[in-house]
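*Asks:* Sharing protein.cif here; it has mmCIF, N, CA and C atoms.
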data_entry
loop_
_atom_site.label_atom_id
_atom_site.label_comp_id
_atom_site.auth_asym_id
_atom_site.auth_seq_id
_atom_site.Cartn_x
_atom_site.Cartn_y
_atom_site.Cartn_z
N MET A 462 -42.95 -35.37 -25.66
CA MET A 462 -43.20 -35.85 -24.32
C MET A 462 -44.70 -35.77 -24.03
N TYR A 463 -45.23 -36.79 -23.42
CA TYR A 463 -46.65 -36.85 -23.07
C TYR A 463 -46.91 -35.98 -21.85
N SER A 464 -47.91 -35.14 -21.90
CA SER A 464 -48.26 -34.28 -20.77
C SER A 464 -49.77 -34.27 -20.61
N ILE A 465 -50.22 -34.29 -19.38
CA ILE A 465 -51.66 -34.28 -19.11
C ILE A 465 -51.90 -33.43 -17.87
N GLN A 466 -53.00 -32.72 -17.84
CA GLN A 466 -53.35 -31.91 -16.68
C GLN A 466 -54.23 -32.75 -15.75
N TYR A 467 -53.93 -32.71 -14.49
CA TYR A 467 -54.71 -33.45 -13.51
C TYR A 467 -55.40 -32.46 -12.60
N PRO A 468 -56.71 -32.59 -12.39
CA PRO A 468 -57.42 -31.64 -11.55
C PRO A 468 -57.08 -31.78 -10.07
N VAL A 469 -56.36 -32.80 -9.68
CA VAL A 469 -55.98 -32.96 -8.28
C VAL A 469 -54.50 -32.73 -8.15
N THR A 470 -54.14 -31.78 -7.32
CA THR A 470 -52.74 -31.50 -7.05
C THR A 470 -52.57 -31.36 -5.56
N ILE A 471 -51.35 -31.29 -5.11
CA ILE A 471 -51.09 -31.01 -3.71
C ILE A 471 -50.05 -29.92 -3.63
N THR A 472 -50.06 -29.22 -2.51
CA THR A 472 -49.15 -28.10 -2.36
C THR A 472 -47.72 -28.59 -2.26
N SER A 473 -46.81 -27.67 -2.39
CA SER A 473 -45.39 -28.00 -2.23
C SER A 473 -45.14 -28.54 -0.83
N PRO A 474 -44.21 -29.47 -0.70
CA PRO A 474 -43.95 -30.06 0.61
C PRO A 474 -43.40 -29.04 1.60
N MET A 475 -43.80 -29.18 2.84
CA MET A 475 -43.28 -28.35 3.92
C MET A 475 -42.78 -29.28 5.02
N PRO A 476 -41.57 -29.04 5.54
CA PRO A 476 -41.08 -29.88 6.64
C PRO A 476 -41.96 -29.73 7.86
N LEU A 477 -42.04 -30.78 8.66
CA LEU A 477 -42.81 -30.72 9.89
C LEU A 477 -42.09 -29.86 10.91
N SER A 478 -42.84 -29.25 11.79
CA SER A 478 -42.27 -28.41 12.84
C SER A 478 -41.50 -29.27 13.82
N ALA A 479 -40.34 -28.80 14.24
CA ALA A 479 -39.53 -29.52 15.22
C ALA A 479 -40.15 -29.44 16.61
N ARG A 480 -41.12 -28.55 16.79
CA ARG A 480 -41.75 -28.39 18.10
C ARG A 480 -42.73 -29.51 18.43
N GLY A 481 -43.08 -30.31 17.47
CA GLY A 481 -44.03 -31.39 17.73
C GLY A 481 -45.46 -30.92 17.62
N TRP A 482 -46.35 -31.76 18.11
CA TRP A 482 -47.77 -31.50 17.99
C TRP A 482 -48.45 -32.03 19.24
N PRO A 483 -48.21 -31.43 20.40
CA PRO A 483 -48.76 -31.96 21.64
C PRO A 483 -50.26 -31.71 21.76
N VAL A 484 -50.98 -32.73 22.20
CA VAL A 484 -52.41 -32.61 22.45
C VAL A 484 -52.74 -33.35 23.73
N CYS A 485 -53.87 -32.99 24.34
CA CYS A 485 -54.35 -33.70 25.53
C CYS A 485 -55.03 -34.99 25.09
N VAL A 486 -54.83 -36.03 25.86
CA VAL A 486 -55.46 -37.32 25.60
C VAL A 486 -56.34 -37.66 26.78
N LEU A 487 -57.60 -37.94 26.52
CA LEU A 487 -58.50 -38.41 27.57
C LEU A 487 -58.53 -39.92 27.53
N ASP A 488 -58.38 -40.53 28.66
CA ASP A 488 -58.38 -41.99 28.76
C ASP A 488 -59.83 -42.47 28.78
N VAL A 489 -60.48 -42.40 27.64
CA VAL A 489 -61.89 -42.77 27.54
C VAL A 489 -62.18 -43.20 26.10
N ARG A 490 -63.04 -44.16 25.96
CA ARG A 490 -63.52 -44.55 24.62
C ARG A 490 -64.82 -43.79 24.38
N ILE A 491 -64.96 -43.23 23.19
CA ILE A 491 -66.13 -42.42 22.88
C ILE A 491 -67.22 -43.33 22.33
N PRO A 492 -68.36 -43.42 23.03
CA PRO A 492 -69.45 -44.24 22.51
C PRO A 492 -70.07 -43.60 21.26
N ALA A 493 -70.33 -44.41 20.27
CA ALA A 493 -71.00 -43.91 19.08
C ALA A 493 -72.51 -44.11 19.20
N GLY A 494 -72.93 -44.68 20.30
CA GLY A 494 -74.36 -44.88 20.56
C GLY A 494 -74.80 -43.95 21.67
N PHE A 495 -75.03 -44.49 22.87
CA PHE A 495 -75.48 -43.68 23.99
C PHE A 495 -74.29 -43.26 24.83
N PRO A 496 -74.21 -41.98 25.20
CA PRO A 496 -73.09 -41.50 26.01
C PRO A 496 -73.14 -42.02 27.44
N SER A 497 -71.98 -42.08 28.06
CA SER A 497 -71.87 -42.53 29.44
C SER A 497 -71.21 -41.43 30.27
N PRO A 498 -72.00 -40.49 30.82
CA PRO A 498 -71.42 -39.38 31.58
C PRO A 498 -70.83 -39.81 32.91
N ALA A 499 -71.05 -41.05 33.33
CA ALA A 499 -70.56 -41.51 34.63
C ALA A 499 -69.08 -41.87 34.61
N GLU A 500 -68.46 -41.94 33.43
CA GLU A 500 -67.06 -42.34 33.35
C GLU A 500 -66.14 -41.27 33.91
N ASP A 501 -65.08 -41.69 34.59
CA ASP A 501 -64.03 -40.77 35.01
C ASP A 501 -63.15 -40.49 33.81
N HIS A 502 -62.74 -39.25 33.66
CA HIS A 502 -61.89 -38.87 32.55
C HIS A 502 -60.58 -38.34 33.09
N SER A 503 -59.49 -38.98 32.73
CA SER A 503 -58.18 -38.48 33.14
C SER A 503 -57.44 -38.03 31.89
N ALA A 504 -56.79 -36.88 31.98
CA ALA A 504 -56.11 -36.32 30.82
C ALA A 504 -54.61 -36.37 31.00
N LYS A 505 -53.91 -36.67 29.92
CA LYS A 505 -52.46 -36.57 29.88
C LYS A 505 -52.10 -35.99 28.52
N ARG A 506 -50.86 -35.60 28.33
CA ARG A 506 -50.44 -35.01 27.07
C ARG A 506 -49.52 -35.99 26.32
N ILE A 507 -49.76 -36.07 25.03
CA ILE A 507 -48.86 -36.84 24.16
C ILE A 507 -48.54 -35.97 22.95
N ASP A 508 -47.48 -36.31 22.26
CA ASP A 508 -47.13 -35.64 21.02
C ASP A 508 -47.63 -36.53 19.88
N VAL A 509 -48.65 -36.06 19.18
CA VAL A 509 -49.26 -36.85 18.11
C VAL A 509 -48.23 -37.20 17.04
N LEU A 510 -47.41 -36.25 16.67
CA LEU A 510 -46.41 -36.52 15.63
C LEU A 510 -45.43 -37.60 16.05
N GLU A 511 -45.11 -37.64 17.33
CA GLU A 511 -44.20 -38.68 17.82
C GLU A 511 -44.78 -40.07 17.57
N HIS A 512 -46.09 -40.19 17.64
CA HIS A 512 -46.74 -41.48 17.40
C HIS A 512 -46.93 -41.78 15.92
N LEU A 513 -47.06 -40.75 15.10
CA LEU A 513 -47.30 -40.95 13.67
C LEU A 513 -46.02 -41.02 12.84
N VAL A 514 -45.03 -40.23 13.21
CA VAL A 514 -43.87 -40.02 12.35
C VAL A 514 -42.68 -40.85 12.84
N LYS A 515 -42.22 -41.75 11.99
CA LYS A 515 -41.06 -42.59 12.32
C LYS A 515 -39.75 -42.01 11.78
N HIS A 516 -39.84 -41.17 10.76
CA HIS A 516 -38.66 -40.58 10.13
C HIS A 516 -38.85 -39.06 10.02
N PRO A 517 -38.66 -38.33 11.13
CA PRO A 517 -38.96 -36.89 11.14
C PRO A 517 -38.21 -36.09 10.08
N GLN A 518 -36.97 -36.44 9.79
CA GLN A 518 -36.19 -35.67 8.82
C GLN A 518 -36.64 -35.93 7.39
N ALA A 519 -37.43 -36.99 7.18
CA ALA A 519 -37.87 -37.34 5.83
C ALA A 519 -39.38 -37.21 5.67
N THR A 520 -40.05 -36.60 6.65
CA THR A 520 -41.51 -36.50 6.62
C THR A 520 -41.93 -35.06 6.38
N TYR A 521 -42.88 -34.89 5.47
CA TYR A 521 -43.35 -33.57 5.06
C TYR A 521 -44.87 -33.51 5.16
N GLN A 522 -45.39 -32.28 5.28
CA GLN A 522 -46.83 -32.09 5.23
C GLN A 522 -47.18 -31.41 3.91
N MET A 523 -48.29 -31.83 3.33
CA MET A 523 -48.74 -31.26 2.06
C MET A 523 -50.25 -31.13 2.13
N GLN A 524 -50.79 -30.12 1.46
CA GLN A 524 -52.24 -29.93 1.46
C GLN A 524 -52.81 -30.42 0.14
N VAL A 525 -53.89 -31.18 0.22
CA VAL A 525 -54.53 -31.78 -0.95
C VAL A 525 -55.46 -30.75 -1.60
N ARG A 526 -55.46 -30.72 -2.91
CA ARG A 526 -56.38 -29.90 -3.69
C ARG A 526 -57.08 -30.81 -4.68
N GLY A 527 -58.38 -31.02 -4.52
CA GLY A 527 -59.14 -31.85 -5.44
C GLY A 527 -59.77 -33.04 -4.73
N GLU A 528 -60.58 -33.79 -5.46
CA GLU A 528 -61.38 -34.87 -4.88
C GLU A 528 -61.09 -36.25 -5.46
N SER A 529 -59.95 -36.45 -6.11
CA SER A 529 -59.70 -37.75 -6.74
C SER A 529 -59.46 -38.87 -5.73
N MET A 530 -59.23 -38.53 -4.46
CA MET A 530 -58.96 -39.55 -3.44
C MET A 530 -60.06 -39.62 -2.38
N ARG A 531 -61.23 -39.09 -2.68
CA ARG A 531 -62.29 -38.98 -1.66
C ARG A 531 -62.74 -40.34 -1.13
N GLU A 532 -62.77 -41.38 -1.95
CA GLU A 532 -63.21 -42.69 -1.46
C GLU A 532 -62.16 -43.37 -0.60
N ALA A 533 -60.97 -42.78 -0.54
CA ALA A 533 -59.94 -43.24 0.40
C ALA A 533 -59.97 -42.37 1.66
N GLY A 534 -60.95 -41.46 1.73
CA GLY A 534 -61.09 -40.59 2.90
C GLY A 534 -60.20 -39.37 2.87
N ILE A 535 -59.64 -39.05 1.71
CA ILE A 535 -58.78 -37.88 1.56
C ILE A 535 -59.51 -36.88 0.67
N HIS A 536 -59.76 -35.68 1.23
CA HIS A 536 -60.60 -34.69 0.55
C HIS A 536 -59.85 -33.39 0.29
N ASP A 537 -60.45 -32.56 -0.55
CA ASP A 537 -59.92 -31.24 -0.84
C ASP A 537 -59.69 -30.47 0.46
N GLY A 538 -58.49 -29.93 0.64
CA GLY A 538 -58.16 -29.17 1.84
C GLY A 538 -57.52 -29.98 2.94
N ASP A 539 -57.58 -31.31 2.86
CA ASP A 539 -56.93 -32.14 3.88
C ASP A 539 -55.42 -31.95 3.84
N VAL A 540 -54.79 -32.21 4.97
CA VAL A 540 -53.34 -32.20 5.05
C VAL A 540 -52.88 -33.65 5.14
N VAL A 541 -51.90 -34.02 4.34
CA VAL A 541 -51.34 -35.37 4.41
C VAL A 541 -49.90 -35.28 4.90
N LEU A 542 -49.50 -36.30 5.67
CA LEU A 542 -48.11 -36.44 6.09
C LEU A 542 -47.48 -37.47 5.16
N VAL A 543 -46.35 -37.11 4.58
CA VAL A 543 -45.71 -37.93 3.55
C VAL A 543 -44.29 -38.26 4.01
N ASP A 544 -44.00 -39.57 4.06
CA ASP A 544 -42.68 -40.05 4.50
C ASP A 544 -41.89 -40.50 3.28
N LYS A 545 -40.78 -39.82 3.02
CA LYS A 545 -39.94 -40.15 1.87
C LYS A 545 -38.99 -41.31 2.16
N ALA A 546 -38.87 -41.72 3.44
CA ALA A 546 -37.94 -42.79 3.81
C ALA A 546 -38.56 -44.18 3.66
N ILE A 547 -39.86 -44.26 3.48
CA ILE A 547 -40.54 -45.55 3.35
C ILE A 547 -40.46 -46.02 1.90
N THR A 548 -40.11 -47.27 1.71
CA THR A 548 -40.12 -47.86 0.37
C THR A 548 -41.57 -48.09 -0.04
N PRO A 549 -42.02 -47.49 -1.14
CA PRO A 549 -43.42 -47.65 -1.54
C PRO A 549 -43.73 -49.08 -1.97
N ARG A 550 -44.93 -49.53 -1.57
CA ARG A 550 -45.41 -50.86 -1.94
C ARG A 550 -46.77 -50.74 -2.63
N SER A 551 -47.09 -51.73 -3.40
CA SER A 551 -48.36 -51.76 -4.10
C SER A 551 -49.51 -51.68 -3.09
N GLY A 552 -50.49 -50.84 -3.40
CA GLY A 552 -51.66 -50.67 -2.54
C GLY A 552 -51.56 -49.47 -1.62
N GLN A 553 -50.36 -48.92 -1.44
CA GLN A 553 -50.20 -47.75 -0.57
C GLN A 553 -50.61 -46.47 -1.30
N ILE A 554 -51.05 -45.49 -0.52
CA ILE A 554 -51.32 -44.16 -1.07
C ILE A 554 -50.00 -43.41 -1.07
N VAL A 555 -49.68 -42.83 -2.22
CA VAL A 555 -48.39 -42.18 -2.39
C VAL A 555 -48.56 -40.78 -2.98
N VAL A 556 -47.53 -39.99 -2.81
CA VAL A 556 -47.40 -38.74 -3.57
C VAL A 556 -46.40 -39.05 -4.68
N ALA A 557 -46.80 -38.74 -5.89
CA ALA A 557 -45.94 -38.99 -7.05
C ALA A 557 -45.74 -37.68 -7.81
N VAL A 558 -44.68 -37.66 -8.58
CA VAL A 558 -44.41 -36.53 -9.46
C VAL A 558 -44.62 -37.04 -10.89
N VAL A 559 -45.64 -36.48 -11.55
CA VAL A 559 -45.97 -36.87 -12.91
C VAL A 559 -45.68 -35.67 -13.82
N ASP A 560 -44.72 -35.84 -14.70
CA ASP A 560 -44.32 -34.75 -15.60
C ASP A 560 -44.07 -33.45 -14.85
N GLY A 561 -43.40 -33.56 -13.70
CA GLY A 561 -43.02 -32.38 -12.93
C GLY A 561 -44.07 -31.84 -11.99
N GLU A 562 -45.24 -32.48 -11.91
CA GLU A 562 -46.33 -32.01 -11.04
C GLU A 562 -46.64 -33.06 -9.98
N PHE A 563 -46.88 -32.61 -8.73
CA PHE A 563 -47.27 -33.52 -7.66
C PHE A 563 -48.70 -34.01 -7.85
N THR A 564 -48.95 -35.26 -7.49
CA THR A 564 -50.30 -35.80 -7.42
C THR A 564 -50.32 -36.84 -6.30
N ILE A 565 -51.51 -37.13 -5.80
CA ILE A 565 -51.68 -38.14 -4.75
C ILE A 565 -52.60 -39.22 -5.29
N LYS A 566 -52.15 -40.46 -5.23
CA LYS A 566 -52.91 -41.59 -5.78
C LYS A 566 -52.50 -42.87 -5.05
N GLN A 567 -53.24 -43.95 -5.32
CA GLN A 567 -52.89 -45.26 -4.79
C GLN A 567 -51.97 -45.95 -5.81
N LEU A 568 -50.86 -46.48 -5.31
CA LEU A 568 -49.86 -47.12 -6.17
C LEU A 568 -50.23 -48.58 -6.40
N TRP A 569 -50.21 -48.98 -7.66
CA TRP A 569 -50.41 -50.39 -8.01
C TRP A 569 -49.22 -50.85 -8.84
N LEU A 570 -48.60 -51.93 -8.39
CA LEU A 570 -47.47 -52.53 -9.10
C LEU A 570 -47.83 -53.98 -9.41
N LYS A 571 -47.71 -54.36 -10.68
CA LYS A 571 -48.02 -55.74 -11.06
C LYS A 571 -47.20 -56.09 -12.29
N ALA A 572 -46.48 -57.20 -12.19
CA ALA A 572 -45.69 -57.71 -13.31
C ALA A 572 -44.77 -56.64 -13.90
N GLY A 573 -44.13 -55.87 -13.02
CA GLY A 573 -43.20 -54.85 -13.48
C GLY A 573 -43.83 -53.60 -14.04
N ARG A 574 -45.14 -53.49 -13.96
CA ARG A 574 -45.84 -52.31 -14.48
C ARG A 574 -46.40 -51.51 -13.31
N MET A 575 -46.52 -50.20 -13.51
CA MET A 575 -47.01 -49.31 -12.47
C MET A 575 -48.27 -48.60 -12.94
N LYS A 576 -49.18 -48.37 -11.96
CA LYS A 576 -50.37 -47.57 -12.22
C LYS A 576 -50.63 -46.74 -10.98
N LEU A 577 -51.03 -45.49 -11.16
CA LEU A 577 -51.47 -44.63 -10.07
C LEU A 577 -52.98 -44.55 -10.16
N LYS A 578 -53.65 -45.10 -9.15
CA LYS A 578 -55.10 -45.26 -9.20
C LYS A 578 -55.79 -44.19 -8.37
N ALA A 579 -56.77 -43.55 -8.96
CA ALA A 579 -57.61 -42.58 -8.25
C ALA A 579 -58.60 -43.34 -7.38
N ALA A 580 -59.00 -42.72 -6.27
CA ALA A 580 -60.01 -43.31 -5.38
C ALA A 580 -61.33 -42.56 -5.57
N ASN A 581 -61.65 -42.32 -6.83
CA ASN A 581 -62.89 -41.66 -7.23
C ASN A 581 -63.11 -42.08 -8.68
N PRO A 582 -64.22 -42.77 -8.96
CA PRO A 582 -64.41 -43.31 -10.30
C PRO A 582 -64.53 -42.27 -11.41
N THR A 583 -64.72 -41.01 -11.06
CA THR A 583 -64.82 -39.98 -12.10
C THR A 583 -63.46 -39.47 -12.56
N PHE A 584 -62.38 -39.96 -11.94
CA PHE A 584 -61.03 -39.55 -12.32
C PHE A 584 -60.30 -40.73 -12.95
N PRO A 585 -59.52 -40.48 -14.01
CA PRO A 585 -58.80 -41.58 -14.66
C PRO A 585 -57.58 -42.00 -13.85
N ASP A 586 -57.21 -43.26 -14.00
CA ASP A 586 -55.95 -43.73 -13.45
C ASP A 586 -54.81 -43.17 -14.31
N ILE A 587 -53.63 -43.16 -13.74
CA ILE A 587 -52.46 -42.68 -14.48
C ILE A 587 -51.57 -43.89 -14.75
N VAL A 588 -51.40 -44.19 -16.02
CA VAL A 588 -50.52 -45.28 -16.45
C VAL A 588 -49.40 -44.64 -17.27
N PRO A 589 -48.15 -44.86 -16.89
CA PRO A 589 -47.05 -44.20 -17.60
C PRO A 589 -47.03 -44.55 -19.08
N LYS A 590 -46.83 -43.54 -19.88
CA LYS A 590 -46.67 -43.72 -21.33
C LYS A 590 -45.18 -43.73 -21.65
N ASP A 591 -44.82 -44.19 -22.83
CA ASP A 591 -43.41 -44.19 -23.24
C ASP A 591 -42.82 -42.80 -23.10
N GLY A 592 -41.70 -42.70 -22.40
CA GLY A 592 -41.02 -41.43 -22.24
C GLY A 592 -41.57 -40.53 -21.15
N GLN A 593 -42.67 -40.93 -20.53
CA GLN A 593 -43.26 -40.10 -19.48
C GLN A 593 -42.50 -40.28 -18.17
N SER A 594 -42.30 -39.19 -17.47
CA SER A 594 -41.58 -39.21 -16.21
C SER A 594 -42.55 -39.29 -15.04
N ILE A 595 -42.53 -40.41 -14.30
CA ILE A 595 -43.34 -40.58 -13.09
C ILE A 595 -42.42 -41.10 -11.99
N ASP A 596 -42.34 -40.35 -10.90
CA ASP A 596 -41.53 -40.75 -9.76
C ASP A 596 -42.40 -40.79 -8.52
N VAL A 597 -42.29 -41.87 -7.75
CA VAL A 597 -42.98 -41.93 -6.45
C VAL A 597 -42.13 -41.12 -5.48
N TRP A 598 -42.69 -40.03 -4.98
CA TRP A 598 -41.96 -39.07 -4.14
C TRP A 598 -41.95 -39.50 -2.68
N GLY A 599 -43.06 -40.08 -2.19
CA GLY A 599 -43.14 -40.51 -0.80
C GLY A 599 -44.44 -41.24 -0.53
N VAL A 600 -44.52 -41.86 0.65
CA VAL A 600 -45.69 -42.64 1.05
C VAL A 600 -46.51 -41.83 2.05
N VAL A 601 -47.81 -41.75 1.83
CA VAL A 601 -48.70 -41.04 2.76
C VAL A 601 -48.87 -41.90 4.01
N ILE A 602 -48.54 -41.33 5.17
CA ILE A 602 -48.65 -42.07 6.43
C ILE A 602 -49.87 -41.64 7.24
N ALA A 603 -50.43 -40.48 6.93
CA ALA A 603 -51.61 -40.00 7.66
C ALA A 603 -52.27 -38.89 6.86
N SER A 604 -53.56 -38.75 7.07
CA SER A 604 -54.27 -37.60 6.50
C SER A 604 -55.07 -36.95 7.62
N ILE A 605 -55.19 -35.65 7.54
CA ILE A 605 -55.88 -34.89 8.58
C ILE A 605 -57.01 -34.12 7.92
N THR A 606 -58.23 -34.38 8.38
CA THR A 606 -59.41 -33.67 7.93
C THR A 606 -59.89 -32.80 9.07
N VAL A 607 -60.09 -31.52 8.80
CA VAL A 607 -60.61 -30.62 9.82
C VAL A 607 -62.13 -30.60 9.71
N HIS A 608 -62.80 -30.93 10.81
CA HIS A 608 -64.27 -30.96 10.84
C HIS A 608 -64.76 -29.76 11.64
N ARG A 609 -64.81 -28.63 11.01
CA ARG A 609 -65.37 -27.45 11.68
C ARG A 609 -66.09 -26.62 10.63
N THR A 610 -67.03 -25.86 11.12
CA THR A 610 -67.81 -25.04 10.20
C THR A 610 -67.53 -23.58 10.41
#
What would you get if you wrote out this structure as structure tokens?
*Replies:*
Amino acid sequence: MYSIQYPVTITSPMPLSARGWPVCVLDVRIPAGFPSPAEDHSAKRIDVLEHLVKHPQATYQMQVRGESMREAGIHDGDVVLVDKAITPRSGQIVVAVVDGEFTIKQLWLKAGRMKLKAANPTFPDIVPKDGQSIDVWGVVIASITVHRT
């Protein structure tokens, strides 16, 4: 059996909390140029997960380890939400199981062939070899990057 070590892995899946993820929403657009302090700001609460997650019983959170997806905006330490109920399509970012190990890559399907493509040119793509076990586990629906020091 063909086996290869991949420097990018993700943690074991964890179900999402049933409590949701409520946050305050300010009804304001954030200028990327000059700020406008004269705007009125009204706050309300929404549940972020309610807006992101369509299949709560089939959606898991996983933490990314490694930089093979950095050009897709997914970095080491990010948390991804993975929906197992979505049928994977070519071009989507997916979590796959390659020889029993989780990995996160972009799925490419063409003429009945599959490739898992890294979003970092220093990492090789994964093309199934004869007898190799590769299963698409779920589709990434969101990634969360924490910007704090």
*Asks:* Compare A:Ala519, A:Ala580, A:Val601, A:Ile595 by their minimum atom-to-atom distance to Lys545 of chain A, counting only N, CA and C atoms, and give me the closest one.
*Replies:*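 So, comparing all the options, the nearest one is A:Ala519.
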*Asks:* Applying the PyMOL selection byres (((chain A and resi 582 and name CA) around 12) and name CA) to the file I just gave you, which residues come out? Please list them as a list in words.
*Replies:*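 With the shown file as input, the PyMOL selection byres (((chain A and resi 582 and name CA) around 12) and name CA) matches Glu528, Ser529, Met530, Arg531, Glu532, Ala533, Lys578, Ala579, Ala580, Asn581, Thr583, Phe584, Pro585 and Asp586 of chain A.
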*Asks:* Residues as selected, N, CA and C atoms, written as a CSV table (one decimal), keeping the file's coordinate frame, can you do that?
*Replies:*
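This is the output file result33.csv:
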chain,number,residue,atom,x,y,z
A,528,GLU,N,-60.6,-33.8,-5.5
A,528,GLU,CA,-61.4,-34.9,-4.9
A,528,GLU,C,-61.1,-36.2,-5.5
A,529,SER,N,-60.0,-36.4,-6.1
A,529,SER,CA,-59.7,-37.8,-6.7
A,529,SER,C,-59.5,-38.9,-5.7
A,530,MET,N,-59.2,-38.5,-4.5
A,530,MET,CA,-59.0,-39.6,-3.4
A,530,MET,C,-60.1,-39.6,-2.4
A,531,ARG,N,-61.2,-39.1,-2.7
A,531,ARG,CA,-62.3,-39.0,-1.7
A,531,ARG,C,-62.7,-40.3,-1.1
A,532,GLU,N,-62.8,-41.4,-2.0
A,532,GLU,CA,-63.2,-42.7,-1.5
A,532,GLU,C,-62.2,-43.4,-0.6
A,533,ALA,N,-61.0,-42.8,-0.5
A,533,ALA,CA,-59.9,-43.2,0.4
A,533,ALA,C,-60.0,-42.4,1.7
A,578,LYS,N,-53.6,-45.1,-9.2
A,578,LYS,CA,-55.1,-45.3,-9.2
A,578,LYS,C,-55.8,-44.2,-8.4
A,579,ALA,N,-56.8,-43.6,-9.0
A,579,ALA,CA,-57.6,-42.6,-8.2
A,579,ALA,C,-58.6,-43.3,-7.4
A,580,ALA,N,-59.0,-42.7,-6.3
A,580,ALA,CA,-60.0,-43.3,-5.4
A,580,ALA,C,-61.3,-42.6,-5.6
A,581,ASN,N,-61.6,-42.3,-6.8
A,581,ASN,CA,-62.9,-41.7,-7.2
A,581,ASN,C,-63.1,-42.1,-8.7
A,583,THR,N,-64.7,-41.0,-11.1
A,583,THR,CA,-64.8,-40.0,-12.1
A,583,THR,C,-63.5,-39.5,-12.6
A,584,PHE,N,-62.4,-40.0,-11.9
A,584,PHE,CA,-61.0,-39.6,-12.3
A,584,PHE,C,-60.3,-40.7,-13.0
A,585,PRO,N,-59.5,-40.5,-14.0
A,585,PRO,CA,-58.8,-41.6,-14.7
A,585,PRO,C,-57.6,-42.0,-13.8
A,586,ASP,N,-57.2,-43.3,-14.0
A,586,ASP,CA,-56.0,-43.7,-13.4
A,586,ASP,C,-54.8,-43.2,-14.3
*Asks:* State, in Å with one decimal place, the distance from atom C of Val559 of chain A to atom C of Val607 of chain A.
*Replies:* 29.2 Å
*Asks:* Write out as a list in words each polymer residue whose atoms come within 5 Å of Val543 of chain A, counting all atoms listed in the file; drop sequence neighbours fewer than 6 positions from it.
*Replies:*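 Neighbouring residues, sequence-local ones excluded: Thr520, Tyr521, Gln522, Val600, Val601 and Ile602 of chain A.
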*Asks:* Could you tell me, as a PyMOL selection string, exactly which residues end up selected when the PyMOL selection byres ((chain A and resi 553) around 8) is applied to this structure?
*Replies:* chain A and resi 549-552+554-556+566-570+600-601
*Asks:* One decimal, in Å: what's the spacing between atom CA of Ser594 of chain A and atom CA of Gln524 of chain A?
*Replies:* 22.6 Å
*Asks:* How many Å lie between atom CA of Ile565 of chain A and atom CA of Val525 of chain A, rounded to one decimal?
*Replies:*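 Answer for the atom CA of Ile565 of chain A to atom CA of Val525 of chain A separation: 7.9 Å.
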